[in-house]
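Chemist: Okay, handing you the structure first.
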Amino acid sequence: MGTMDGRIALVTGASRGIGNAIARRFALEGATVVVTARTVEPGDSRFEGSISETVEQITTAGGHAVAFAADLALQDDRRRLVEEVARDIGPVDILVNNAAVTYFEPVVEFGERHYDLMFEVQVKAAFELAQLVLPGMVERGSGWILNISSGAARHPVGPPYRAGVGRGTVYGMCKAALERFTTGLAGEVSEAGVAVNVLSPAGVVATPGVVHHKLIPPGAEDQAEPVEVIAEAAHALCTGSATGLTGRIAYSAPLLDELGLQPTALG
């Protein structure tokens, strides 16, 4: 018997990287995993990975997953996603807000379209998806919401400041907003049996996006955090007590050390 048997988990941004790993980890525990992203089939994106491939990986390993295409920058798609999942699969027990669109540009050059798109996907989508699934969680007296953040939410240290720090200002703004939303919502719904947490990698994870933006210094590739570490931490936060393990801004490796856990191989 898995720790997530009978539960329905919705994981956004599950075509690759952290979202793919979390979906696979949950499926190993018996969850029915609903994976969503814009990239449905191989070749739909310049990056490797698609939700159809994530489903294939899960089903090949003996798990159960279903793909739903959605553009989380669009409010209509966000609402349609939750409605269709509830109709075709069942009510969401676990929501993982992992989807992200990111531009690393200085503030003086940051265009309105990029700014609005980042907040739509990283902040507003997480907020609205939580609104849409919360009534059912509260009615059932249990549920888990996990928002994926980043160390970029922390304030830069300086002066002096390290070179290039300003290019991540808007990204850090989005993640800081997501973290404050998380801790506030946790306080609102803990007594209703719903846990709400933030999870960040303790270091850089070599996802396709991280590699594309050259966020790993040359020669430091072996220092990147394995994706299994953050997937294991996500599992811990999405099976924990709503009154004990909630309202946390957790970092993956330190959380596993705190709980005495080791990463599970994803195959």
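Ordering of the structure tokens sets the chain letters (A, B, ...); residue numbers start at 1 within each chain; ligands are numbered from 1 in the order shown.
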If you run DSSP on the backbone, which residues of segment 91-179 of chain A are strand (DSSP E), as a PDB file with C-alpha atoms, in the first residue's frame?
Modeler:
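To be explicit, this is the file written out as result27.pdb:
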ATOM      1  CA  ILE A  94      -3.111  17.288  -3.781  1.00  0.00           C
ATOM      2  CA  LEU A  95      -2.191  20.387  -5.799  1.00  0.00           C
ATOM      3  CA  VAL A  96       1.417  21.096  -6.761  1.00  0.00           C
ATOM      4  CA  ASN A  97       1.911  24.535  -8.304  1.00  0.00           C
ATOM      5  CA  GLY A 143      -5.864  18.229   1.322  1.00  0.00           C
ATOM      6  CA  TRP A 144      -2.375  19.364   0.441  1.00  0.00           C
ATOM      7  CA  ILE A 145      -1.206  22.377  -1.563  1.00  0.00           C
ATOM      8  CA  LEU A 146       2.472  22.687  -2.419  1.00  0.00           C
ATOM      9  CA  ASN A 147       3.966  25.722  -4.130  1.00  0.00           C
ATOM     10  CA  ILE A 148       7.399  25.372  -5.722  1.00  0.00           C
TER      11      ILE A 148
END
Chemist: Skip Ile18 of chain A itself and residues of its chain fewer than 6 positions away, then list as a list of chain:residue names all residues within 9 Å of it, counting only C-alpha atoms.
Modeler: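 Counting only C-alpha atoms, the residues come to A:Asn98, A:Ile148, A:Val205, A:Thr207, A:Val227, A:Glu228, A:Ile230, A:Ala231.
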Chemist: Could you list, as a short mmCIF file (atom, residue, chain, number, x, y, z; two decimals) with N, CA and C atoms, in the first residue's frame, every residue within 6 Å of segment 244-254 of chain A, counting only C-alpha atoms and ignoring same-chain residues fewer than 2 positions away?
Modeler:
data_model
loop_
_atom_site.label_atom_id
_atom_site.label_comp_id
_atom_site.auth_asym_id
_atom_site.auth_seq_id
_atom_site.Cartn_x
_atom_site.Cartn_y
_atom_site.Cartn_z
N THR A 183 2.17 31.05 3.26
CA THR A 183 2.12 31.10 4.72
C THR A 183 0.79 31.67 5.20
N ALA A 186 -1.91 28.96 4.65
CA ALA A 186 -1.75 27.88 5.64
C ALA A 186 -2.46 28.24 6.94
N ALA A 195 -3.09 21.22 4.41
CA ALA A 195 -1.71 21.67 4.58
C ALA A 195 -1.28 22.47 3.36
N VAL A 196 -0.58 23.58 3.60
CA VAL A 196 -0.10 24.44 2.51
C VAL A 196 1.36 24.76 2.79
N ASN A 197 2.22 24.43 1.86
CA ASN A 197 3.65 24.63 2.06
C ASN A 197 4.34 25.13 0.79
N VAL A 198 5.53 25.68 1.01
CA VAL A 198 6.45 26.05 -0.07
C VAL A 198 7.63 25.09 -0.04
N LEU A 199 8.09 24.71 -1.22
CA LEU A 199 9.29 23.89 -1.32
C LEU A 199 10.23 24.50 -2.35
N SER A 200 11.48 24.64 -1.95
CA SER A 200 12.53 25.13 -2.85
C SER A 200 13.67 24.12 -2.89
N PRO A 201 14.35 24.02 -4.02
CA PRO A 201 15.59 23.23 -4.01
C PRO A 201 16.59 23.88 -3.06
N ALA A 202 17.39 23.05 -2.40
CA ALA A 202 18.44 23.60 -1.55
C ALA A 202 19.57 24.19 -2.39
N ILE A 230 14.35 16.83 -4.39
CA ILE A 230 13.19 17.71 -4.25
C ILE A 230 11.90 16.91 -4.41
N ALA A 233 11.21 15.42 -1.01
CA ALA A 233 10.72 16.44 -0.09
C ALA A 233 9.28 16.81 -0.40
N GLY A 240 2.10 14.99 4.95
CA GLY A 240 2.24 15.38 6.35
C GLY A 240 0.95 15.91 6.96
N SER A 241 1.01 16.18 8.25
CA SER A 241 -0.14 16.67 9.00
C SER A 241 -0.46 18.12 8.65
N ALA A 242 -1.74 18.42 8.52
CA ALA A 242 -2.17 19.79 8.22
C ALA A 242 -1.99 20.72 9.42
N LEU A 256 14.77 16.91 4.25
CA LEU A 256 14.98 15.46 4.32
C LEU A 256 15.86 15.11 5.52
N ASP A 257 16.86 15.93 5.78
CA ASP A 257 17.71 15.69 6.96
C ASP A 257 16.89 15.80 8.24
#
Chemist: Determine, counting only C-alpha atoms, which protein, DNA and RNA residues have an atom within 8 Å of an atom of segment 126-140 of chain A; residues of the same chain fewer than 2 positions away are not included. Present the result as a list in words.
Modeler: Arg78, Arg79, Val82, Pro91, Val92, Asp93, Leu95, Asn97, Val121, Gln122, Val123, Lys124, Ser142, Gly143, Ile145, Asn147, Leu178, Phe181, Val189, Ala192, Gly193 and Val194 of chain A
Chemist: Could you write out the selected residues, including C-alpha atoms, as a tab-separated table (two decimals), in the first residue's frame?
Modeler:
chain	number	residue	atom	x	y	z
A	78	ARG	CA	-7.14	27.34	-15.30
A	79	ARG	CA	-10.85	27.01	-14.60
A	82	VAL	CA	-9.98	21.94	-12.59
A	91	PRO	CA	-11.76	15.94	-6.95
A	92	VAL	CA	-8.16	17.05	-6.41
A	93	ASP	CA	-6.61	15.93	-3.12
A	95	LEU	CA	-2.19	20.39	-5.80
A	97	ASN	CA	1.91	24.54	-8.30
A	121	VAL	CA	1.79	31.77	-14.43
A	122	GLN	CA	3.82	31.86	-11.23
A	123	VAL	CA	1.53	33.82	-8.90
A	124	LYS	CA	-2.02	34.26	-10.20
A	142	SER	CA	-8.11	16.94	4.07
A	143	GLY	CA	-5.86	18.23	1.32
A	145	ILE	CA	-1.21	22.38	-1.56
A	147	ASN	CA	3.97	25.72	-4.13
A	178	LEU	CA	4.14	32.96	-3.75
A	181	PHE	CA	0.59	33.64	-0.15
A	189	VAL	CA	-7.04	26.45	6.31
A	192	ALA	CA	-9.87	22.60	8.14
A	193	GLY	CA	-7.36	19.81	7.53
A	194	VAL	CA	-5.50	21.34	4.59
Chemist: Find the residues around segment 29-38 of chain A up to 10 Å (only C-alpha atoms counted), leave out those fewer than 4 positions away in its own chain, and share them as a ChimeraX atom specification.
Modeler: /A:1-16,19-20,22-25,44-45,50-52,54-55,58,62-73,81,85,89-90,92-96,98-100,235
Chemist: Pick the closest to Val165 of chain A from A:Gly203, A:Gly17, A:Pro106, A:Gly184: which is it, counting only C-alpha atoms?
Modeler: A:Pro106
Chemist: Please return, as a ChimeraX atom specification, all residues of segment 95-232 of chain A that DSSP assigns to alpha helix (DSSP H) on the basis of the backbone.
Modeler: /A:112-119,125-140,169-189,208-212,227-232
Chemist: Using only C-alpha atoms, pick whichever of A:Glu120, A:Gly164, A:Glu191, A:Lys175 has the shortest atom-to-atom distance to Gly141 of chain A.
Modeler: A:Glu191
Chemist: Give the answer as one residue: which of A:Pro156, A:Val170, A:Leu255, A:Thr243 has the shortest atom-to-atom distance to Gly111 of chain A, using only C-alpha atoms?
Modeler: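 Of A:Pro156, A:Val170, A:Leu255, A:Thr243, the one nearest Gly111 of chain A, counting only C-alpha atoms, is A:Val170.
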Chemist: For each of A:Ala125, A:Cys174, A:Leu28, A:Ala86, take the minimum atom-to-atom distance to Tyr103 of chain A, counting only C-alpha atoms, then give the residue where this is smallest.
Modeler: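 Ranked by minimum distance to Tyr103 of chain A, first place goes to A:Cys174.
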Chemist: Nearest to Thr60 of chain A: which of A:Ala234, A:Ala27, A:Val204, A:Ala224 is it, counting only C-alpha atoms?
Modeler: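 Ranked by minimum distance to Thr60 of chain A, first place goes to A:Ala27.
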Chemist: Work out how far atom CA of Gly168 of chain A is from atom CA of Ala153 of chain A, in Å to one decimal.
Modeler: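 Interatomic distance, atom CA of Ala153 of chain A to atom CA of Gly168 of chain A: 9.6 Å.
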Chemist: Which distance in Å separates atom CA of Thr102 of chain A and atom CA of Tyr171 of chain A, to one decimal?
Modeler: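 Atom CA of Tyr171 of chain A lies at a distance of 6.7 Å from atom CA of Thr102 of chain A.
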